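To be precise, the following lines are coords.pdb, and they hold PDB, C-alpha atoms.
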```
ATOM      1  CA  MET K 551     128.612 123.702 131.152
ATOM      2  CA  ILE K 552     128.119 119.960 130.841
ATOM      3  CA  ASN K 553     129.033 118.355 127.534
ATOM      4  CA  TYR K 554     126.287 115.754 127.238
ATOM      5  CA  GLY K 555     127.751 114.360 124.030
ATOM      6  CA  GLU K 556     130.903 113.361 125.894
ATOM      7  CA  LEU K 557     128.921 112.185 128.899
ATOM      8  CA  TYR K 558     126.745 109.842 126.826
ATOM      9  CA  TYR K 559     129.650 108.685 124.662
ATOM     10  CA  ASP K 560     131.679 107.756 127.761
ATOM     11  CA  HIS K 561     128.615 105.975 129.154
ATOM     12  CA  TYR K 562     128.218 103.955 125.955
ATOM     13  CA  CYS K 563     131.923 103.039 125.972
ATOM     14  CA  LYS K 564     131.659 101.882 129.576
ATOM     15  CA  PHE K 565     128.831  99.461 128.802
ATOM     16  CA  LEU K 566     129.215  98.649 125.098
ATOM     17  CA  GLY K 567     132.842  99.254 124.178
ATOM     18  CA  GLU K 568     133.890 101.305 121.171
ATOM     19  CA  PRO K 569     131.447 101.746 118.268
ATOM     20  CA  ILE K 570     132.213  99.867 115.059
ATOM     21  CA  ASP K 571     130.599 102.558 112.917
ATOM     22  CA  ARG K 572     128.798 105.890 113.096
ATOM     23  CA  GLU K 573     126.449 107.722 110.793
ATOM     24  CA  LEU K 574     125.601 111.403 110.893
ATOM     25  CA  TYR K 575     122.049 112.565 110.198
ATOM     26  CA  LYS K 576     120.913 116.121 109.594
ATOM     27  CA  ASN K 577     117.326 117.205 109.231
ATOM     28  CA  ASN K 578     118.196 120.665 107.958
ATOM     29  CA  LYS K 579     120.992 123.255 108.182
ATOM     30  CA  GLU K 580     119.549 125.022 111.233
ATOM     31  CA  MET K 581     119.092 121.962 113.459
ATOM     32  CA  PRO K 582     121.934 120.158 115.256
ATOM     33  CA  SER K 583     122.841 116.797 113.762
ATOM     34  CA  ILE K 584     122.255 113.445 115.402
ATOM     35  CA  GLN K 585     124.732 110.600 115.210
ATOM     36  CA  VAL K 586     123.789 106.954 115.294
ATOM     37  CA  LEU K 587     126.601 104.850 116.714
ATOM     38  CA  LYS K 588     126.710 101.132 115.908
ATOM     39  CA  TYR K 589     127.972  98.468 118.341
ATOM     40  CA  ASP K 590     128.700  94.793 117.816
ATOM     41  CA  ASN K 591     129.280  91.917 120.266
ATOM     42  CA  VAL K 592     126.861  93.240 122.873
ATOM     43  CA  PHE K 593     124.047  90.752 122.239
ATOM     44  CA  GLU K 594     124.480  87.561 120.228
ATOM     45  CA  LYS K 595     123.812  88.038 116.499
ATOM     46  CA  CYS K 596     122.576  91.598 117.087
ATOM     47  CA  LEU K 597     123.768  95.136 116.501
ATOM     48  CA  VAL K 598     123.059  97.976 118.904
ATOM     49  CA  TYR K 599     122.314 101.427 117.484
ATOM     50  CA  ASN K 600     122.639 104.374 119.869
ATOM     51  CA  THR K 601     121.774 107.979 119.241
ATOM     52  CA  LEU K 602     124.161 110.742 120.182
ATOM     53  CA  GLY K 603     122.939 114.324 119.963
ATOM     54  CA  LEU K 604     119.273 113.861 120.834
ATOM     55  CA  SER K 605     120.034 115.308 124.272
ATOM     56  CA  LYS K 606     120.533 118.691 122.530
ATOM     57  CA  TYR K 607     116.772 118.678 121.975
ATOM     58  CA  ASP K 608     115.805 118.118 125.623
ATOM     59  CA  GLU K 609     113.546 121.178 125.747
ATOM     60  CA  ILE K 610     111.619 119.952 122.709
ATOM     61  CA  VAL K 611     111.298 116.254 123.625
ATOM     62  CA  GLY K 612     110.839 116.926 127.349
ATOM     63  CA  ASN K 613     113.819 114.939 128.618
ATOM     64  CA  ASN K 614     117.585 114.743 128.466
ATOM     65  CA  VAL K 615     117.500 111.433 126.651
ATOM     66  CA  GLU K 616     119.250 109.253 124.098
ATOM     67  CA  ILE K 617     117.901 106.077 122.505
ATOM     68  CA  SER K 618     119.255 102.556 122.022
ATOM     69  CA  MET K 619     117.867 100.095 119.488
ATOM     70  CA  VAL K 620     118.908  96.440 119.292
ATOM     71  CA  VAL K 621     118.170  94.426 116.153
ATOM     72  CA  ASP K 622     119.079  91.017 114.786
ATOM     73  CA  GLY K 623     118.363  92.007 111.174
ATOM     74  CA  GLY K 624     117.588  94.954 108.952
ATOM     75  CA  PHE K 625     121.054  96.291 109.653
ATOM     76  CA  ASN K 626     121.116  98.548 106.588
ATOM     77  CA  SER K 627     117.878 100.280 107.624
ATOM     78  CA  ALA K 628     117.734 100.356 111.427
ATOM     79  CA  GLY K 629     119.913 103.438 112.015
ATOM     80  CA  TYR K 630     118.240 105.400 109.228
ATOM     81  CA  ILE K 631     114.744 104.581 110.493
ATOM     82  CA  LEU K 632     115.750 105.429 114.078
ATOM     83  CA  ALA K 633     117.193 108.824 113.083
ATOM     84  CA  ASN K 634     114.189 109.721 110.941
ATOM     85  CA  THR K 635     111.772 108.679 113.687
ATOM     86  CA  ILE K 636     113.629 110.939 116.112
ATOM     87  CA  TYR K 637     113.507 113.899 113.750
ATOM     88  CA  TYR K 638     109.769 113.282 113.326
ATOM     89  CA  CYS K 639     109.382 113.430 117.122
ATOM     90  CA  ILE K 640     111.435 116.621 117.314
ATOM     91  CA  GLY K 641     109.479 118.248 114.490
ATOM     92  CA  ASN K 642     106.178 117.367 116.154
ATOM     93  CA  GLU K 643     107.392 118.160 119.693
ATOM     94  CA  ILE K 644     106.577 114.668 120.935
ATOM     95  CA  GLU K 645     107.703 114.117 124.505
ATOM     96  CA  LEU K 646     109.918 111.040 124.577
ATOM     97  CA  GLY K 647     109.640 108.512 127.354
ATOM     98  CA  ARG K 648     108.392 105.046 128.190
ATOM     99  CA  GLY K 649     105.212 104.188 126.333
ATOM    100  CA  VAL K 650     105.630 106.262 123.188
ATOM    101  CA  ALA K 651     104.997 104.656 119.798
ATOM    102  CA  ILE K 652     105.532 106.306 116.432
ATOM    103  CA  SER K 653     103.858 104.709 113.434
ATOM    104  CA  GLY K 654     104.499 105.247 109.743
ATOM    105  CA  ILE K 655     107.945 103.766 109.254
ATOM    106  CA  GLU K 656     106.775 102.507 105.866
ATOM    107  CA  SER K 657     107.057 106.128 104.727
ATOM    108  CA  ILE K 658     110.725 106.075 105.803
ATOM    109  CA  ASP K 659     111.687 102.663 104.419
ATOM    110  CA  LYS K 660     108.903 100.850 102.581
ATOM    111  CA  ARG K 661     111.005  97.771 101.774
ATOM    112  CA  PHE K 662     111.967  97.280 105.433
ATOM    113  CA  ALA K 663     108.345  97.672 106.572
ATOM    114  CA  GLN K 664     107.138  95.139 104.019
ATOM    115  CA  LYS K 665     109.935  92.627 104.545
ATOM    116  CA  TYR K 666     109.647  92.546 108.337
ATOM    117  CA  ASP K 667     105.979  93.550 108.728
ATOM    118  CA  LYS K 668     106.956  96.323 111.139
ATOM    119  CA  ARG K 669     105.211  99.674 110.898
ATOM    120  CA  ALA K 670     106.096 101.501 114.135
ATOM    121  CA  VAL K 671     108.834 102.156 116.670
ATOM    122  CA  TYR K 672     108.032 101.696 120.361
ATOM    123  CA  LEU K 673     109.985 103.326 123.211
ATOM    124  CA  THR K 674     110.344 101.885 126.686
ATOM    125  CA  ASP K 675     112.813 101.492 129.531
ATOM    126  CA  PRO K 676     115.880  99.463 128.601
ATOM    127  CA  PHE K 677     115.963  95.793 129.511
ATOM    128  CA  ALA K 678     118.560  93.103 128.850
ATOM    129  CA  PHE K 679     121.198  95.759 129.612
ATOM    130  CA  PRO K 680     122.763  96.154 133.064
ATOM    131  CA  GLU K 681     120.517  98.156 135.402
ATOM    132  CA  ASP K 682     122.976 101.080 135.547
ATOM    133  CA  TYR K 683     122.756 101.466 131.768
ATOM    134  CA  SER K 684     119.403 103.298 131.963
ATOM    135  CA  TYR K 685     120.696 106.467 133.607
ATOM    136  CA  VAL K 686     123.623 108.759 132.911
ATOM    137  CA  CYS K 687     124.782 110.843 135.857
ATOM    138  CA  THR K 688     126.968 113.917 135.808
ATOM    139  CA  GLU K 689     129.894 114.122 138.187
ATOM    140  CA  THR K 690     128.232 116.999 140.016
ATOM    141  CA  GLY K 691     124.819 115.326 139.974
ATOM    142  CA  ASN K 692     123.201 118.492 138.556
ATOM    143  CA  LYS K 693     121.260 116.707 135.868
ATOM    144  CA  ASP K 694     120.819 113.075 134.963
ATOM    145  CA  GLY K 695     120.501 111.767 131.462
ATOM    146  CA  ARG K 696     118.323 108.848 130.519
ATOM    147  CA  ILE K 697     118.454 106.119 127.908
ATOM    148  CA  LEU K 698     115.365 104.619 126.308
ATOM    149  CA  LEU K 699     115.082 101.419 124.323
ATOM    150  CA  ALA K 700     113.412 101.495 120.909
ATOM    151  CA  PHE K 701     112.167  98.471 119.010
ATOM    152  CA  PHE K 702     110.048  97.753 115.965
ATOM    153  CA  ILE K 703     106.413  96.685 116.259
ATOM    154  CA  SER K 704     103.770  95.597 113.766
ATOM    155  CA  GLN K 705     100.707  97.621 112.810
ATOM    156  CA  ALA K 706      98.496  95.261 114.865
ATOM    157  CA  GLU K 707     100.776  95.701 117.887
ATOM    158  CA  TYR K 708     100.697  99.463 117.421
ATOM    159  CA  GLU K 709      96.894  99.440 117.304
ATOM    160  CA  TYR K 710      96.790  97.258 120.440
ATOM    161  CA  PHE K 711      99.084  99.742 122.201
ATOM    162  CA  VAL K 712      96.904 102.694 121.151
ATOM    163  CA  LYS K 713      93.744 100.925 122.346
ATOM    164  CA  TYR K 714      94.987  99.455 125.648
ATOM    165  CA  GLY K 715      97.956 101.611 126.672
ATOM    166  CA  THR K 716     101.494 101.068 127.871
ATOM    167  CA  GLU K 717     100.909  98.746 130.823
ATOM    168  CA  ARG K 718      98.718  96.225 128.993
ATOM    169  CA  PHE K 719     100.933  96.353 125.922
ATOM    170  CA  GLU K 720     104.084  95.616 127.918
ATOM    171  CA  GLU K 721     102.310  92.951 129.987
ATOM    172  CA  LEU K 722     101.342  91.211 126.747
ATOM    173  CA  LEU K 723     104.938  91.421 125.515
ATOM    174  CA  GLU K 724     106.040  89.596 128.669
ATOM    175  CA  GLU K 725     103.139  87.137 128.634
ATOM    176  CA  LYS K 726     103.864  86.162 125.013
ATOM    177  CA  ASN K 727     107.616  86.056 125.743
ATOM    178  CA  VAL K 728     108.321  88.398 122.817
ATOM    179  CA  ASP K 729     111.928  89.007 121.796
ATOM    180  CA  PRO K 730     111.753  92.636 120.637
ATOM    181  CA  PHE K 731     115.285  92.420 119.227
ATOM    182  CA  ASN K 732     114.024  89.876 116.663
ATOM    183  CA  VAL K 733     113.029  92.071 113.736
ATOM    184  CA  SER K 734     111.489  89.235 111.731
ATOM    185  CA  ARG K 735     109.348  87.908 114.606
ATOM    186  CA  LEU K 736     105.645  87.426 114.019
ATOM    187  CA  SER K 737     103.243  89.945 115.511
ATOM    188  CA  MET K 738     102.085  88.997 119.003
ATOM    189  CA  VAL K 739      98.581  90.238 118.214
TER     190      VAL K 739
END
```

How does the structure come out when it is put into structure tokens?
Amino acid sequence: MINYGELYYDHYCKFLGEPIDRELYKNNKEMPSIQVLKYDNVFEKCLVYNTLGLSKYDEIVGNNVEISMVVDGGFNSAGYILANTIYYCIGNEIELGRGVAISGIESIDKRFAQKYDKRAVYLTDPFAFPEDYSYVCTETGNKDGRILLAFFISQAEYEYFVKYGTERFEELLEEKNVDPFNVSRLSMV
């Protein structure tokens, strides 16, 4: 049996080095925990938060996947919001992949939402990482794991995404040259 925890951890170490911190999150006693690993010195003035343990829920979320989030601020809240967003997706059996947005982060951390004017988390394919970072392969090739990138978006951006869909939303991100790692950036909409 493949130990996906080890597989993803080794993958993270290969690309990001050793984590500087880790936090353990549990939704309840019956469900497996999820760790959020924190990395420094990957992107200038940013921290990278990576989940470890989400792959245990592959049948619920539809993919063998883990999530990375890069932020240049909100360091005390980012991991907590990410973990709670994931448990919300698990609880509501939301299939995780490119073009998924989860609103309502103000119910997780009201002060963060107000300070940064961000109300949702958006998932997409990783960028700014090396190309090989996106996929995790087993030695036998039986099953590949995948990494998604999460970033915070405003309520207006969320509504634009809901109205126009993934392609137009991501085209607008590129057109407006949005830095999704910048938590305090103004809304592009």

Report the residues retrieved by the PyMOL selection byres ((chain K and resi 698) around 12) from the displayed file, expressed as a short mmCIF file (atom, residue, chain, number, x, y, z; two decimals) with C-alpha atoms, in the frame of the given file.
```cif
data_model
loop_
_atom_site.label_atom_id
_atom_site.label_comp_id
_atom_site.auth_asym_id
_atom_site.auth_seq_id
_atom_site.Cartn_x
_atom_site.Cartn_y
_atom_site.Cartn_z
CA TYR K 599 122.31 101.43 117.48
CA ASN K 600 122.64 104.37 119.87
CA THR K 601 121.77 107.98 119.24
CA LEU K 604 119.27 113.86 120.83
CA SER K 605 120.03 115.31 124.27
CA ASN K 613 113.82 114.94 128.62
CA ASN K 614 117.58 114.74 128.47
CA VAL K 615 117.50 111.43 126.65
CA GLU K 616 119.25 109.25 124.10
CA ILE K 617 117.90 106.08 122.50
CA SER K 618 119.26 102.56 122.02
CA MET K 619 117.87 100.10 119.49
CA VAL K 620 118.91 96.44 119.29
CA LEU K 646 109.92 111.04 124.58
CA GLY K 647 109.64 108.51 127.35
CA ARG K 648 108.39 105.05 128.19
CA GLY K 649 105.21 104.19 126.33
CA VAL K 650 105.63 106.26 123.19
CA VAL K 671 108.83 102.16 116.67
CA TYR K 672 108.03 101.70 120.36
CA LEU K 673 109.98 103.33 123.21
CA THR K 674 110.34 101.88 126.69
CA ASP K 675 112.81 101.49 129.53
CA PRO K 676 115.88 99.46 128.60
CA PHE K 677 115.96 95.79 129.51
CA PHE K 679 121.20 95.76 129.61
CA TYR K 683 122.76 101.47 131.77
CA SER K 684 119.40 103.30 131.96
CA TYR K 685 120.70 106.47 133.61
CA VAL K 686 123.62 108.76 132.91
CA GLY K 695 120.50 111.77 131.46
CA ARG K 696 118.32 108.85 130.52
CA ILE K 697 118.45 106.12 127.91
CA LEU K 699 115.08 101.42 124.32
CA ALA K 700 113.41 101.50 120.91
CA PHE K 701 112.17 98.47 119.01
#
```

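Put simply, atom CA of K:Gly603 is 20.5 Å away from atom CA of K:Asp590.
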
Please, which residues in stretch 558-646 of chain K fall within 10 Å of stretch 656-665 of chain K when counting all atoms listed in the file, and what is the closest atom pair and distance in Å to one decimal for each, ordered by chain then residue number, as a tab-separated table?
```
residue	atom	partner	partner_atom	distance
K:Gly624	CA	K:Phe662	CA	7.0
K:Asn626	CA	K:Phe662	CA	9.3
K:Ser627	CA	K:Phe662	CA	7.0
K:Ala628	CA	K:Phe662	CA	8.9
K:Tyr630	CA	K:Ile658	CA	8.3
K:Ile631	CA	K:Ile658	CA	6.4
K:Leu632	CA	K:Ile658	CA	9.7
K:Asn634	CA	K:Ile658	CA	7.2
K:Thr635	CA	K:Ile658	CA	8.4
```

Could you spell out the hits of the PyMOL selection byres ((chain K and resi 571) around 8) on the shown file, as a compact mmCIF listing (two decimals) with C-alpha atoms, in the coordinates of the input?
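Produced file part_31.txt, reproduced below:
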```txt
# COMPACT_ATOMS: atom_id res chain seq x y z
CA PRO K 569 131.45 101.75 118.27
CA ILE K 570 132.21 99.87 115.06
CA ARG K 572 128.80 105.89 113.10
CA GLU K 573 126.45 107.72 110.79
CA LEU K 587 126.60 104.85 116.71
CA LYS K 588 126.71 101.13 115.91
CA TYR K 589 127.97 98.47 118.34
```

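Computed from the coordinates, the atom CA of K:Lys595 to atom CA of K:Phe565 distance equals 17.5 Å.
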
Can you list, as a tab-separated table (two decimals) with C-alpha atoms, in the coordinates of the input, the residues that the PyMOL selection byres ((chain K and resi 582) around 9) selects here?
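Full text of expr35.tsv as output:
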```tsv
chain	number	residue	atom	x	y	z
K	576	LYS	CA	120.91	116.12	109.59
K	577	ASN	CA	117.33	117.20	109.23
K	578	ASN	CA	118.20	120.66	107.96
K	579	LYS	CA	120.99	123.26	108.18
K	580	GLU	CA	119.55	125.02	111.23
K	581	MET	CA	119.09	121.96	113.46
K	583	SER	CA	122.84	116.80	113.76
K	584	ILE	CA	122.26	113.44	115.40
K	603	GLY	CA	122.94	114.32	119.96
K	604	LEU	CA	119.27	113.86	120.83
K	606	LYS	CA	120.53	118.69	122.53
K	607	TYR	CA	116.77	118.68	121.98
```

Of the listed residues K:Tyr666, K:Tyr637, K:Phe625, K:Tyr708, that which approaches K:Leu736 most closely, counting only C-alpha atoms = K:Tyr666

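With distances restricted to all atoms listed in the file, K:Val621 is the closest residue to K:Val592 from K:Ile610, K:Val621, K:Ile703, K:Met551.
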
Residue neighbourhood K:Glu689, 12 Å, all atoms listed in the file, exclusion window fewer than 5 positions, as a PyMOL selection string = chain K and resi 551-554+557+694-695

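Going from atom CA of K:Gln705 to atom CA of K:Ser653 covers 7.8 Å.
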
May I ask which of the residues K:Lys726, K:Glu643, K:Val611, K:Val733 is the closest one to K:Arg669, counting all atoms listed in the file?
-> K:Val733
